[in-house]
$ cat target00.tsv   # TSV, C-alpha atoms
chain	number	residue	atom	x	y	z
N	248	PRO	CA	21.99	-17.34	-15.79
N	249	ALA	CA	21.94	-20.38	-17.98
N	250	GLY	CA	22.19	-23.60	-16.01
N	251	LEU	CA	21.82	-21.83	-12.65
N	252	PRO	CA	18.94	-23.16	-10.56
N	253	ALA	CA	16.84	-20.65	-8.71
N	254	ASP	CA	17.44	-20.07	-4.99
N	255	THR	CA	21.16	-20.75	-5.46
N	256	PRO	CA	24.11	-18.66	-4.25
N	257	THR	CA	27.00	-18.13	-6.67
N	258	SER	CA	30.49	-16.79	-5.94
N	259	PRO	CA	32.53	-15.00	-7.11
N	260	LEU	CA	30.55	-12.56	-9.24
N	261	ALA	CA	31.53	-11.95	-12.80
N	262	GLY	CA	28.56	-9.83	-13.76
N	263	PRO	CA	24.91	-10.60	-14.41
N	264	ALA	CA	25.67	-13.33	-16.94
N	265	ALA	CA	27.96	-15.36	-14.67
N	266	ALA	CA	27.12	-19.08	-14.47
N	267	ALA	CA	28.27	-21.76	-12.08
N	268	THR	CA	30.36	-24.51	-13.62
N	269	GLY	CA	31.73	-27.74	-12.24
N	270	PRO	CA	33.44	-30.98	-13.23
N	271	ALA	CA	32.18	-32.76	-16.31
N	272	GLY	CA	28.94	-34.57	-15.54
N	273	ALA	CA	28.30	-32.57	-12.36
N	274	ALA	CA	25.10	-30.62	-12.00
N	275	PRO	CA	25.88	-26.93	-12.55
N	276	GLY	CA	25.31	-24.46	-9.75
N	277	VAL	CA	25.01	-27.02	-6.94
N	278	PRO	CA	26.38	-25.40	-3.77
N	279	ALA	CA	28.84	-27.15	-1.50
N	280	PRO	CA	27.71	-27.87	2.07
N	281	ALA	CA	27.69	-24.74	4.18
N	282	PRO	CA	30.70	-24.50	6.53
N	283	PRO	CA	30.00	-24.35	10.26
N	284	ARG	CA	29.43	-20.86	11.60
N	285	ASP	CA	32.59	-20.97	13.73
N	286	THR	CA	34.85	-21.88	10.79
N	287	ALA	CA	34.20	-18.99	8.45
N	288	PRO	CA	36.53	-18.83	5.43
N	289	ALA	CA	39.66	-16.76	5.86
N	290	HIS	CA	38.84	-14.69	2.79
N	291	TRP	CA	35.44	-13.41	1.81
N	292	ARG	CA	34.27	-13.30	-1.80
N	293	PRO	CA	31.39	-11.37	-3.33
N	294	TRP	CA	28.27	-13.44	-3.83
N	295	ARG	CA	24.77	-13.27	-5.17
N	296	PHE	CA	21.71	-15.33	-4.38
N	297	ARG	CA	19.05	-15.90	-6.97
N	298	MET	CA	15.43	-16.22	-5.89
N	299	SER	CA	12.81	-18.32	-7.63
N	300	ASN	CA	10.41	-15.37	-7.32
N	301	ASP	CA	10.56	-11.58	-7.45
N	302	VAL	CA	12.43	-9.77	-4.69
N	303	TRP	CA	11.41	-6.33	-3.44
N	304	GLY	CA	12.28	-3.68	-0.94
N	305	THR	CA	15.49	-2.97	0.94
N	306	PRO	CA	17.55	-5.80	2.47
N	307	VAL	CA	17.94	-5.85	6.25
N	308	VAL	CA	21.23	-6.88	7.88
N	309	SER	CA	21.14	-8.05	11.49
N	310	GLY	CA	24.09	-9.91	13.00
N	311	GLU	CA	25.26	-12.68	10.69
N	312	LEU	CA	22.11	-12.78	8.59
N	313	LEU	CA	20.65	-10.77	5.71
N	314	TYR	CA	16.86	-10.71	5.38
N	315	VAL	CA	15.06	-10.04	2.12
N	316	THR	CA	11.40	-10.18	1.14
N	317	SER	CA	10.21	-12.16	-1.84
N	318	PHE	CA	7.06	-14.24	-1.78
N	319	GLU	CA	8.68	-15.44	1.45
N	320	VAL	CA	11.20	-13.99	3.90
N	321	HIS	CA	14.66	-15.36	3.11
N	322	ALA	CA	17.51	-15.33	5.64
N	323	LEU	CA	20.94	-15.49	4.00
N	324	ASP	CA	24.34	-15.90	5.64
N	325	VAL	CA	26.23	-12.63	5.11
N	326	ALA	CA	29.58	-14.42	4.75
N	327	SER	CA	28.64	-17.05	2.18
N	328	GLY	CA	25.27	-16.05	0.75
N	329	ARG	CA	23.84	-19.47	1.64
N	330	ARG	CA	20.22	-19.48	2.68
N	331	GLN	CA	19.69	-20.44	6.31
N	332	PHE	CA	15.90	-20.59	6.10
N	333	LYS	CA	12.87	-19.19	4.33
N	334	THR	CA	9.35	-18.71	5.58
N	335	ARG	CA	6.17	-20.21	4.19
N	336	ASP	CA	4.31	-16.90	4.05
N	337	VAL	CA	4.34	-13.90	1.79
N	338	ALA	CA	5.84	-10.79	3.43
N	339	TRP	CA	4.51	-7.62	1.86
N	340	SER	CA	5.84	-5.73	4.90
N	341	MET	CA	8.74	-6.69	7.17
N	342	ALA	CA	10.74	-5.31	10.12
N	343	VAL	CA	13.51	-7.03	12.08
N	344	SER	CA	13.88	-6.05	15.73
N	345	GLN	CA	15.02	-7.59	19.04
N	346	GLY	CA	15.70	-11.02	17.56
N	347	ARG	CA	12.35	-11.25	15.78
N	348	ILE	CA	11.09	-10.90	12.22
N	349	HIS	CA	7.77	-9.07	12.19
N	350	ALA	CA	5.92	-9.35	8.92
N	351	SER	CA	2.50	-9.28	7.28
N	352	ASP	CA	1.04	-11.04	4.26
N	353	GLY	CA	-1.79	-8.49	4.19
N	354	PRO	CA	-4.60	-9.82	6.40
N	355	THR	CA	-2.24	-11.63	8.81
N	356	LEU	CA	0.44	-10.33	11.16
N	357	TYR	CA	3.11	-12.76	12.38
N	358	ALA	CA	6.43	-12.89	14.23
N	359	LEU	CA	9.30	-15.34	13.69
N	360	ASP	CA	12.56	-16.06	15.44
N	361	ALA	CA	15.18	-14.13	13.48
N	362	ALA	CA	17.83	-16.85	13.93
N	363	SER	CA	15.79	-19.95	13.08
N	364	GLY	CA	12.61	-18.76	11.37
N	365	GLN	CA	10.47	-20.55	13.97
N	366	GLU	CA	7.08	-18.93	14.44
N	367	HIS	CA	6.49	-17.04	17.70
N	368	TRP	CA	2.94	-15.87	17.14
N	369	ARG	CA	0.34	-15.11	14.47
N	370	CYS	CA	-2.88	-13.09	14.47
N	371	GLN	CA	-5.52	-11.91	12.04
N	372	THR	CA	-6.01	-8.21	11.39
N	373	ASP	CA	-9.34	-6.62	10.54
N	374	ALA	CA	-8.09	-5.20	7.24
N	375	TRP	CA	-5.13	-5.31	4.85
N	376	VAL	CA	-1.86	-4.16	6.43
N	377	TYR	CA	-0.12	-1.60	4.22
N	378	SER	CA	2.38	-0.21	6.77
N	379	LEU	CA	4.40	-1.98	9.48
N	380	LYS	CA	6.98	-0.50	11.86
N	381	VAL	CA	8.57	-1.65	15.14
N	382	ASP	CA	9.94	0.45	17.99
N	383	GLN	CA	10.90	-0.49	21.56
N	384	GLY	CA	8.80	-3.65	21.69
N	385	THR	CA	5.74	-2.20	19.95
N	386	VAL	CA	4.59	-3.20	16.46
N	387	LEU	CA	2.64	-0.44	14.70
N	388	THR	CA	0.44	-1.25	11.70
N	389	GLY	CA	-1.63	0.86	9.34
N	390	THR	CA	-4.55	-0.93	7.66
N	391	ARG	CA	-6.72	-0.07	4.67
N	392	GLY	CA	-9.69	2.09	5.51
N	393	GLY	CA	-8.02	4.33	8.09
N	394	GLY	CA	-7.10	1.84	10.80
N	395	VAL	CA	-4.05	2.10	13.07
N	396	GLN	CA	-3.12	-0.66	15.54
N	397	ALA	CA	-0.38	-1.24	18.13
N	398	TRP	CA	0.69	-4.76	19.11
N	399	GLU	CA	2.94	-6.24	21.78
N	400	ALA	CA	5.98	-7.40	19.81
N	401	SER	CA	6.74	-10.41	22.02
N	402	SER	CA	3.25	-11.93	22.08
N	403	GLY	CA	1.08	-10.37	19.37
N	404	GLU	CA	-1.39	-9.00	21.92
N	405	LYS	CA	-3.28	-6.00	20.57
N	406	LEU	CA	-2.50	-2.97	22.75
N	407	TRP	CA	-4.87	-0.47	21.17
N	408	GLU	CA	-6.38	0.62	17.88
N	409	THR	CA	-7.98	3.67	16.35
N	410	SER	CA	-9.92	4.36	13.18
N	411	GLY	CA	-10.55	7.35	10.97
N	412	ALA	CA	-6.91	8.02	10.08
N	413	GLN	CA	-6.18	9.48	6.66
N	414	THR	CA	-7.17	7.18	3.79
N	415	GLU	CA	-5.93	9.24	0.81
N	416	PHE	CA	-2.31	8.02	1.01
N	417	GLU	CA	-2.23	4.43	2.23
N	418	THR	CA	1.35	3.63	1.28
N	419	PRO	CA	4.24	2.36	3.45
N	420	GLU	CA	6.05	5.70	3.43
N	421	ALA	CA	2.88	7.69	4.27
N	422	GLY	CA	1.64	5.39	7.04
N	423	PRO	CA	1.63	6.12	10.78
N	424	VAL	CA	5.05	6.74	12.32
N	425	ILE	CA	6.45	5.38	15.60
N	426	CYS	CA	9.63	6.70	17.22
N	427	ASP	CA	10.96	6.56	20.77
N	428	GLY	CA	7.63	5.72	22.36
N	429	THR	CA	5.47	8.15	20.36
N	430	VAL	CA	3.09	7.37	17.49
N	431	TYR	CA	2.14	10.04	14.94
N	432	VAL	CA	-1.19	9.68	13.17
N	433	TRP	CA	-2.82	12.03	10.63
N	434	LYS	CA	-6.49	11.95	11.60
N	435	ASP	CA	-9.42	14.36	11.21
N	436	ALA	CA	-7.16	17.01	9.64
N	437	ARG	CA	-4.87	16.99	12.70
N	438	LEU	CA	-1.47	15.48	13.37
N	439	ARG	CA	-1.92	13.51	16.60
N	440	ALA	CA	0.88	12.36	18.90
N	441	LEU	CA	-0.12	9.21	20.83
N	442	GLU	CA	1.59	7.27	23.58
N	443	ALA	CA	2.87	4.13	21.84
N	444	ARG	CA	1.86	1.60	24.51
N	445	THR	CA	-1.58	2.96	25.40
N	446	GLY	CA	-2.74	5.05	22.43
N	447	VAL	CA	-3.50	7.98	24.75
N	448	GLU	CA	-3.27	11.28	22.90
N	449	ARG	CA	-0.51	13.59	24.13
N	450	TRP	CA	-1.23	16.50	21.81
N	451	SER	CA	-2.53	17.34	18.36
N	452	TYR	CA	-1.95	20.07	15.80
N	453	PRO	CA	-4.30	21.19	12.96
N	454	VAL	CA	-2.20	20.49	9.87
N	455	GLY	CA	-5.33	20.35	7.68
N	456	ASP	CA	-6.83	17.78	5.35
N	457	ALA	CA	-5.35	16.44	2.12
N	458	ALA	CA	-6.55	19.41	0.06
N	459	SER	CA	-5.01	21.96	2.41
N	460	CYS	CA	-1.76	19.94	2.40
N	461	GLY	CA	-1.40	20.20	-1.37
N	462	ASN	CA	-2.83	16.70	-1.95
N	463	VAL	CA	0.39	15.10	-0.75
N	464	PRO	CA	0.85	13.10	2.47
N	465	VAL	CA	2.07	14.68	5.69
N	466	ARG	CA	5.61	13.47	6.38
N	467	VAL	CA	7.09	13.28	9.89
N	468	HIS	CA	10.61	12.99	11.31
N	469	GLN	CA	11.24	12.91	15.07
N	470	ALA	CA	14.74	14.18	15.83
N	471	SER	CA	17.18	13.85	18.69
N	472	ASP	CA	16.82	17.53	19.65
N	473	GLY	CA	13.34	17.05	21.13
N	474	CYS	CA	11.49	18.24	18.04
N	475	VAL	CA	9.35	16.48	15.50
N	476	TYR	CA	9.80	18.05	12.06
N	477	VAL	CA	6.72	17.93	9.85
N	478	ALA	CA	6.34	18.54	6.11
N	479	ALA	CA	2.67	19.30	5.32
N	480	GLY	CA	2.33	20.33	1.70
N	481	THR	CA	4.41	23.48	1.29
N	482	ARG	CA	4.80	24.00	5.06
N	483	VAL	CA	7.53	22.82	7.41
N	484	LEU	CA	6.84	22.81	11.15
N	485	ALA	CA	9.07	22.24	14.15
N	486	ILE	CA	6.91	20.93	17.02
N	487	ASP	CA	8.04	20.13	20.55
N	488	VAL	CA	7.68	16.38	21.04
N	489	ALA	CA	6.73	16.61	24.72
N	490	GLY	CA	4.08	19.32	24.64
N	491	GLY	CA	3.08	19.95	21.03
N	492	LEU	CA	4.24	23.57	21.03
N	493	VAL	CA	5.14	24.85	17.56
N	494	ARG	CA	8.64	26.32	17.69
N	495	TRP	CA	8.71	27.67	14.15
N	496	HIS	CA	7.04	27.52	10.76
N	497	PHE	CA	8.53	27.71	7.25
N	498	GLU	CA	6.67	28.16	3.98
N	499	ALA	CA	8.04	27.04	0.59
N	500	PRO	CA	6.67	27.64	-2.93
N	501	ALA	CA	6.34	23.92	-3.80
N	502	VAL	CA	5.14	20.82	-1.93
N	503	PHE	CA	7.40	18.32	-0.20
N	504	LEU	CA	7.04	14.60	-0.93
N	505	SER	CA	9.74	13.51	1.53
N	506	PRO	CA	10.15	14.19	5.26
N	507	PRO	CA	12.62	16.70	6.70
N	508	VAL	CA	15.96	15.43	8.00
N	509	PHE	CA	17.71	16.75	11.11
N	510	ALA	CA	21.51	16.92	11.36
N	511	PRO	CA	22.83	17.62	14.89
N	512	GLY	CA	25.33	20.36	15.67
N	513	PRO	CA	25.62	24.09	14.97
N	514	ALA	CA	24.99	25.49	11.51
N	515	VAL	CA	28.67	26.32	11.05
N	516	THR	CA	29.46	22.58	11.07
N	517	GLY	CA	26.52	21.52	8.91
N	518	GLY	CA	23.84	21.08	11.56
N	519	GLY	CA	20.26	21.96	10.69
N	520	VAL	CA	17.11	20.72	8.98
N	521	TYR	CA	17.34	19.64	5.33
N	522	LEU	CA	14.63	18.78	2.84
N	523	ALA	CA	13.88	18.83	-0.88
N	524	ASP	CA	10.62	19.68	-2.66
N	525	TYR	CA	9.23	17.92	-5.71
N	526	LEU	CA	10.82	20.49	-8.05
N	527	GLY	CA	14.24	19.46	-6.70
N	528	THR	CA	14.97	22.57	-4.64
N	529	VAL	CA	17.07	21.60	-1.61
N	530	TYR	CA	16.60	23.67	1.55
N	531	ALA	CA	18.80	24.09	4.62
N	532	LEU	CA	16.89	25.53	7.57
N	533	ASP	CA	18.22	26.70	10.90
N	534	ALA	CA	16.99	24.15	13.45
N	535	THR	CA	16.48	26.82	16.13
N	536	THR	CA	14.69	29.51	14.16
N	537	GLY	CA	13.51	27.86	10.94
N	538	LYS	CA	15.24	30.56	8.90
N	539	ASP	CA	16.23	29.65	5.35
N	540	ARG	CA	20.06	29.34	5.38
N	541	TRP	CA	20.33	28.41	1.72
N	542	ARG	CA	18.43	26.79	-1.12
N	543	ILE	CA	19.81	25.17	-4.25
N	544	ALA	CA	17.93	23.97	-7.34
N	545	THR	CA	18.49	20.48	-8.73
N	546	GLU	CA	16.20	18.41	-11.01
N	547	SER	CA	12.55	17.61	-10.36
N	548	ARG	CA	12.16	14.55	-8.16
N	549	GLN	CA	9.26	12.16	-7.58
N	550	THR	CA	11.04	10.11	-4.93
N	551	THR	CA	9.77	10.09	-1.34
N	552	GLU	CA	13.30	9.62	0.02
N	553	PRO	CA	14.74	12.55	2.01
N	554	PRO	CA	18.22	14.03	1.46
N	555	LEU	CA	21.11	12.20	3.10
N	556	VAL	CA	23.40	14.30	5.32
N	557	ALA	CA	26.78	12.69	6.01
N	558	GLY	CA	30.35	13.90	6.45
N	559	GLY	CA	29.47	17.57	5.97
N	560	ASN	CA	27.72	16.86	2.67
N	561	VAL	CA	24.10	16.69	1.54
N	562	HIS	CA	23.46	13.92	-1.01
N	563	VAL	CA	20.23	14.18	-3.00
N	564	GLY	CA	18.89	11.87	-5.68
N	565	SER	CA	16.98	14.04	-8.18
N	566	GLY	CA	15.78	12.62	-11.46
N	567	SER	CA	18.55	10.47	-12.91
N	568	ALA	CA	21.40	12.23	-11.09
N	569	LEU	CA	22.95	12.25	-7.63
N	570	TYR	CA	23.84	15.73	-6.36
N	571	THR	CA	26.25	16.46	-3.51
N	572	LEU	CA	26.16	19.87	-1.82
N	573	ASP	CA	28.21	21.40	0.96
N	574	ALA	CA	26.02	21.21	4.08
N	575	VAL	CA	27.27	24.55	5.46
N	576	THR	CA	27.12	26.74	2.36
N	577	GLY	CA	25.00	24.79	-0.12
N	578	THR	CA	27.79	25.03	-2.68
N	579	PRO	CA	27.42	22.23	-5.25
N	580	LYS	CA	30.38	19.87	-5.06
N	581	TRP	CA	29.56	17.41	-7.80
N	582	ARG	CA	26.80	15.84	-9.85
N	583	PHE	CA	26.83	12.27	-11.14
N	584	ALA	CA	24.41	11.31	-13.92
N	585	ALA	CA	23.15	7.73	-14.00
N	586	GLY	CA	21.43	6.11	-16.95
N	587	GLY	CA	18.01	6.11	-15.29
N	588	GLU	CA	16.00	7.47	-12.37
N	589	VAL	CA	17.75	7.20	-8.99
N	590	VAL	CA	15.98	4.48	-6.99
N	591	GLY	CA	15.63	4.51	-3.21
N	592	ALA	CA	18.06	6.36	-0.98
N	593	PRO	CA	21.85	6.54	-1.32
N	594	VAL	CA	24.00	5.22	1.52
N	595	VAL	CA	27.37	6.61	2.63
N	596	ALA	CA	30.04	4.54	4.40
N	597	ASP	CA	33.84	4.74	4.60
N	598	GLY	CA	34.07	7.68	2.22
N	599	ARG	CA	31.97	6.04	-0.48
N	600	VAL	CA	28.39	6.62	-1.60
N	601	HIS	CA	26.35	3.73	-3.03
N	602	PHE	CA	23.06	4.08	-4.90
N	603	GLY	CA	20.88	2.19	-7.35
N	604	SER	CA	19.21	3.29	-10.53
N	605	ALA	CA	16.36	2.31	-12.83
N	606	ASP	CA	19.03	1.60	-15.47
N	607	HIS	CA	19.67	-1.71	-13.61
N	608	VAL	CA	23.04	-0.51	-12.24
N	609	LEU	CA	24.42	-0.26	-8.70
N	610	TYR	CA	26.90	2.63	-8.50
N	611	THR	CA	29.71	3.33	-6.03
N	612	LEU	CA	31.28	6.80	-6.04
N	613	ASP	CA	33.87	8.68	-4.04
N	614	ALA	CA	31.76	10.63	-1.54
N	615	SER	CA	33.92	13.76	-1.62
N	616	GLY	CA	34.73	14.05	-5.32
N	617	GLY	CA	32.00	12.05	-7.06
N	618	GLN	CA	34.41	9.88	-9.07
N	619	LEU	CA	33.03	6.50	-10.12
N	620	ARG	CA	34.81	3.74	-8.18
N	621	TRP	CA	32.91	0.81	-9.63
N	622	LYS	CA	29.50	-0.17	-10.88
N	623	LEU	CA	27.61	-3.42	-11.33
N	624	ALA	CA	25.08	-3.93	-14.09
N	625	THR	CA	22.34	-6.31	-12.96
N	626	GLY	CA	19.54	-7.87	-14.94
N	627	GLY	CA	16.84	-5.58	-13.56
N	628	GLU	CA	16.06	-2.34	-11.77
N	629	ILE	CA	17.57	-2.01	-8.29
N	630	THR	CA	14.84	-2.28	-5.66
N	631	GLY	CA	14.70	-0.30	-2.43
N	632	SER	CA	18.01	1.09	-1.18
N	633	PRO	CA	21.45	-0.51	-0.85
N	634	VAL	CA	22.83	-1.33	2.61
N	635	ALA	CA	26.52	-0.86	3.48
N	636	GLN	CA	27.94	-2.60	6.53
N	637	GLY	CA	31.31	-4.07	7.50
N	638	GLY	CA	32.95	-3.17	4.18
N	639	VAL	CA	30.21	-4.91	2.17
N	640	VAL	CA	27.35	-3.37	0.19
N	641	TYR	CA	24.15	-5.37	-0.23
N	642	ALA	CA	21.48	-4.71	-2.84
N	643	CYS	CA	18.42	-6.35	-4.40
N	644	SER	CA	17.45	-6.27	-8.06
N	645	LYS	CA	14.36	-7.07	-10.10
N	646	ASP	CA	16.45	-9.77	-11.80
N	647	ARG	CA	15.46	-11.79	-8.66
N	648	CYS	CA	18.98	-11.63	-7.25
N	649	VAL	CA	20.46	-10.40	-3.98
N	650	TYR	CA	24.02	-9.10	-4.31
N	651	ALA	CA	26.80	-8.80	-1.72
N	652	LEU	CA	29.78	-6.85	-3.05
N	653	ASP	CA	33.07	-5.54	-1.73
N	654	ALA	CA	32.26	-1.90	-0.95
N	655	ALA	CA	35.68	-0.76	-2.16
N	656	LYS	CA	36.25	-3.09	-5.10
N	657	GLY	CA	32.86	-4.31	-6.28
N	658	THR	CA	33.24	-7.84	-7.59
N	659	ALA	CA	36.97	-8.05	-6.74
N	660	THR	CA	37.99	-10.83	-4.36
N	661	GLY	CA	40.65	-11.54	-1.79
N	662	ARG	CA	39.64	-9.34	1.12
N	663	SER	CA	39.10	-10.47	4.69
N	664	ALA	CA	35.79	-11.88	5.76
N	665	PRO	CA	33.20	-9.22	6.65
N	666	ARG	CA	32.74	-8.43	10.30
$ encode --input "target00.tsv" --output "structure tokens"
Amino acid sequence: PAGLPADTPTSPLAGPAAAATGPAGAAPGVPAPAPPRDTAPAHWRPWRFRMSNDVWGTPVVSGELLYVTSFEVHALDVASGRRQFKTRDVAWSMAVSQGRIHASDGPTLYALDAASGQEHWRCQTDAWVYSLKVDQGTVLTGTRGGGVQAWEASSGEKLWETSGAQTEFETPEAGPVICDGTVYVWKDARLRALEARTGVERWSYPVGDAASCGNVPVRVHQASDGCVYVAAGTRVLAIDVAGGLVRWHFEAPAVFLSPPVFAPGPAVTGGGVYLADYLGTVYALDATTGKDRWRIATESRQTTEPPLVAGGNVHVGSGSALYTLDAVTGTPKWRFAAGGEVVGAPVVADGRVHFGSADHVLYTLDASGGQLRWKLATGGEITGSPVAQGGVVYACSKDRCVYALDAAKGTATGRSAPR
């Protein structure tokens, strides 16, 4: 906005063209001193923070701070939008866990204190880090050329490494997966389950190479029922996490770009395994048998985001529309058409669904009926996925801004401070 310096929070929001104004002769957009943390304002107002550089990815909310990646990591106060600190390094990958920010600028891996930004440790990697995940004190990285490494999160000590992992799909979403002490690596045409702290192989399964998997990456989701659900081309497998025994196998006519999703509970309440292929067909599989309960066609989708199952509904971004289906029967409930491709994954909270679009707009709909509650037009495409927490929805845009909006009212003001 005209007269608004970069790296400046503004509040309240009046749309993408809002500008800060002040008394005659005062510099526009200059923020007042940040209030002490223990004297938060009685009423919260929507805010946005404008970066001096591009912002990418999905924001991360942890405690009282919001973390976003630009050419640095920025930590913003969730109540006021004021920046608490920024790092001196680029963060192409970032994960926040156990009071630490773990990030990589490509050839370097580093950890910072999440509250102060103070550096804990730093180490050089042997190749460019394209994937970074953290689980139970272990940092897992995937590096160009088929490398996979595990690091001690508190000290940066390398725990183990392996080479020869798949090199056809070196992207963040197709990198090695870590969950609940198990690492999954696609190597030598097999899906291998490794112990996260030692790298010792527990079991492996011959999923095949890239050609036999339809030239799409293998996608993995470890669920709370003791199974890891695997999408390998047109196949879906349910494999026992502990022993590697295949419980069932499902074959579809088209390949899957996104991983399966598990919803707990019996099928009569919406429990099961849900996934969508690249043609936009949504499948509901019985988690016990792998039988096809229902399938519904939507639009073709290039996104790697899985369906979202919440409140008895399945929400799927396909093309430029968001579809909501009944989880039990597959009956379509509503379809909302945006002005551009759906970006990232939708998020559901408090009966509302929030999602971003390539048409530069953040949308909020009624989750049950699909009615538009409010929308915010930004100056660029929404990046990553929105985050909803404590009655506030946070989103990043390619207009270099981070937005914090009232989840119920959008840019309206006068509600209590977020929790």
$ closest_residue --input "target00.tsv" --among "N:Gln549, N:Thr576, N:Thr535, N:Ser451" --to "Val515 in chain N" --atoms "all atoms listed in the file"
N:Thr576
$ atom_distance --input "target00.tsv" --atom1 "CA of Gly490 in chain N" --atom2 "CA of Gly428 in chain N"
14.2 Å
$ residues_around --input "target00.tsv" --residues "Pro553 in chain N" --least-positions-apart "3" --cutoff "7 Å" --atoms "only C-alpha atoms" --output "list in words"
Ser505, Pro506, Pro507, Val508, Leu522 and Ala523 of chain N
$ closest_residue --input "target00.tsv" --among "N:Ile425, N:Met298, N:Val488, N:Leu313" --to "Val634 in chain N" --atoms "only C-alpha atoms"
N:Leu313
$ residues_around --input "target00.tsv" --residues "Gly537 in chain N" --least-positions-apart "4" --cutoff "7 Å" --atoms "all atoms listed in the file" --output "ChimeraX atom specification"
/N:495-497,532-533
$ closest_residue --input "target00.tsv" --among "N:Arg542, N:Arg329, N:Arg449, N:Arg482" --to "Val463 in chain N" --atoms "only C-alpha atoms"
N:Arg482
$ closest_residue --input "target00.tsv" --among "N:Thr516, N:Ser644, N:Thr578, N:Ser547" --to "Thr528 in chain N" --atoms "only C-alpha atoms"
N:Ser547
$ atom_distance --input "target00.tsv" --atom1 "CA of Val649 in chain N" --atom2 "CA of Glu366 in chain N"
24.3 Å
$ residues_near_point --input "target00.tsv" --point "(4.5, 6.2, 1.6)" --cutoff "12 Å" --atoms "all atoms listed in the file" --output "number ranges by chain"
N: 377-379, 389, 414-424, 463-467, 504-506, 549-552
$ atom_distance --input "target00.tsv" --atom1 "CA of Ala501 in chain N" --atom2 "CA of Tyr476 in chain N"
17.3 Å
$ residues_around --input "target00.tsv" --residues "Gly527 in chain N" --least-positions-apart "3" --cutoff "7 Å" --atoms "all atoms listed in the file" --output "VMD selection string"
chain N and resid 523 to 524 544 to 548 565
$ closest_residue --input "target00.tsv" --among "N:Gly587, N:His321, N:Leu387, N:Asp352" --to "Trp375 in chain N" --atoms "only C-alpha atoms"
N:Asp352
$ closest_residue --input "target00.tsv" --among "N:His607, N:Lys645, N:Lys656, N:His290" --to "Val302 in chain N" --atoms "all atoms listed in the file"
N:Lys645
$ residues_around --input "target00.tsv" --residues "Ala470 in chain N" --least-positions-apart "6" --cutoff "12 Å" --atoms "only C-alpha atoms" --output "number ranges by chain"
N: 426-427, 429, 476-477, 485-488, 506-511, 519-520, 534
$ residues_near_point --input "target00.tsv" --point "(-7.4, 8.7, 11.2)" --cutoff "7 Å" --atoms "all atoms listed in the file" --output "PyMOL selection string"
chain N and resi 393-394+410-413+432-435
$ residues_around --input "target00.tsv" --residues "Ala436 in chain N" --least-positions-apart "3" --cutoff "7 Å" --atoms "only C-alpha atoms" --output "PyMOL selection string"
chain N and resi 433+453-456
$ decode --input "target00.tsv" --residues "range 472-484 of chain N" --atoms "C-alpha atoms" --output "short mmCIF file (atom, residue, chain, number, x, y, z; two decimals), in the first residue's frame"
data_model
loop_
_atom_site.label_atom_id
_atom_site.label_comp_id
_atom_site.auth_asym_id
_atom_site.auth_seq_id
_atom_site.Cartn_x
_atom_site.Cartn_y
_atom_site.Cartn_z
CA ASP N 472 -5.17 -47.73 13.93
CA GLY N 473 -1.73 -49.33 13.59
CA CYS N 474 -1.68 -49.21 9.79
CA VAL N 475 0.32 -47.21 7.32
CA TYR N 476 -1.78 -46.43 4.23
CA VAL N 477 0.19 -46.19 1.00
CA ALA N 478 -0.80 -44.79 -2.39
CA ALA N 479 1.54 -46.18 -5.08
CA GLY N 480 0.33 -45.15 -8.51
CA THR N 481 -3.14 -46.67 -8.91
CA ARG N 482 -2.75 -48.96 -5.87
CA VAL N 483 -3.70 -48.39 -2.25
CA LEU N 484 -2.17 -50.62 0.42
#
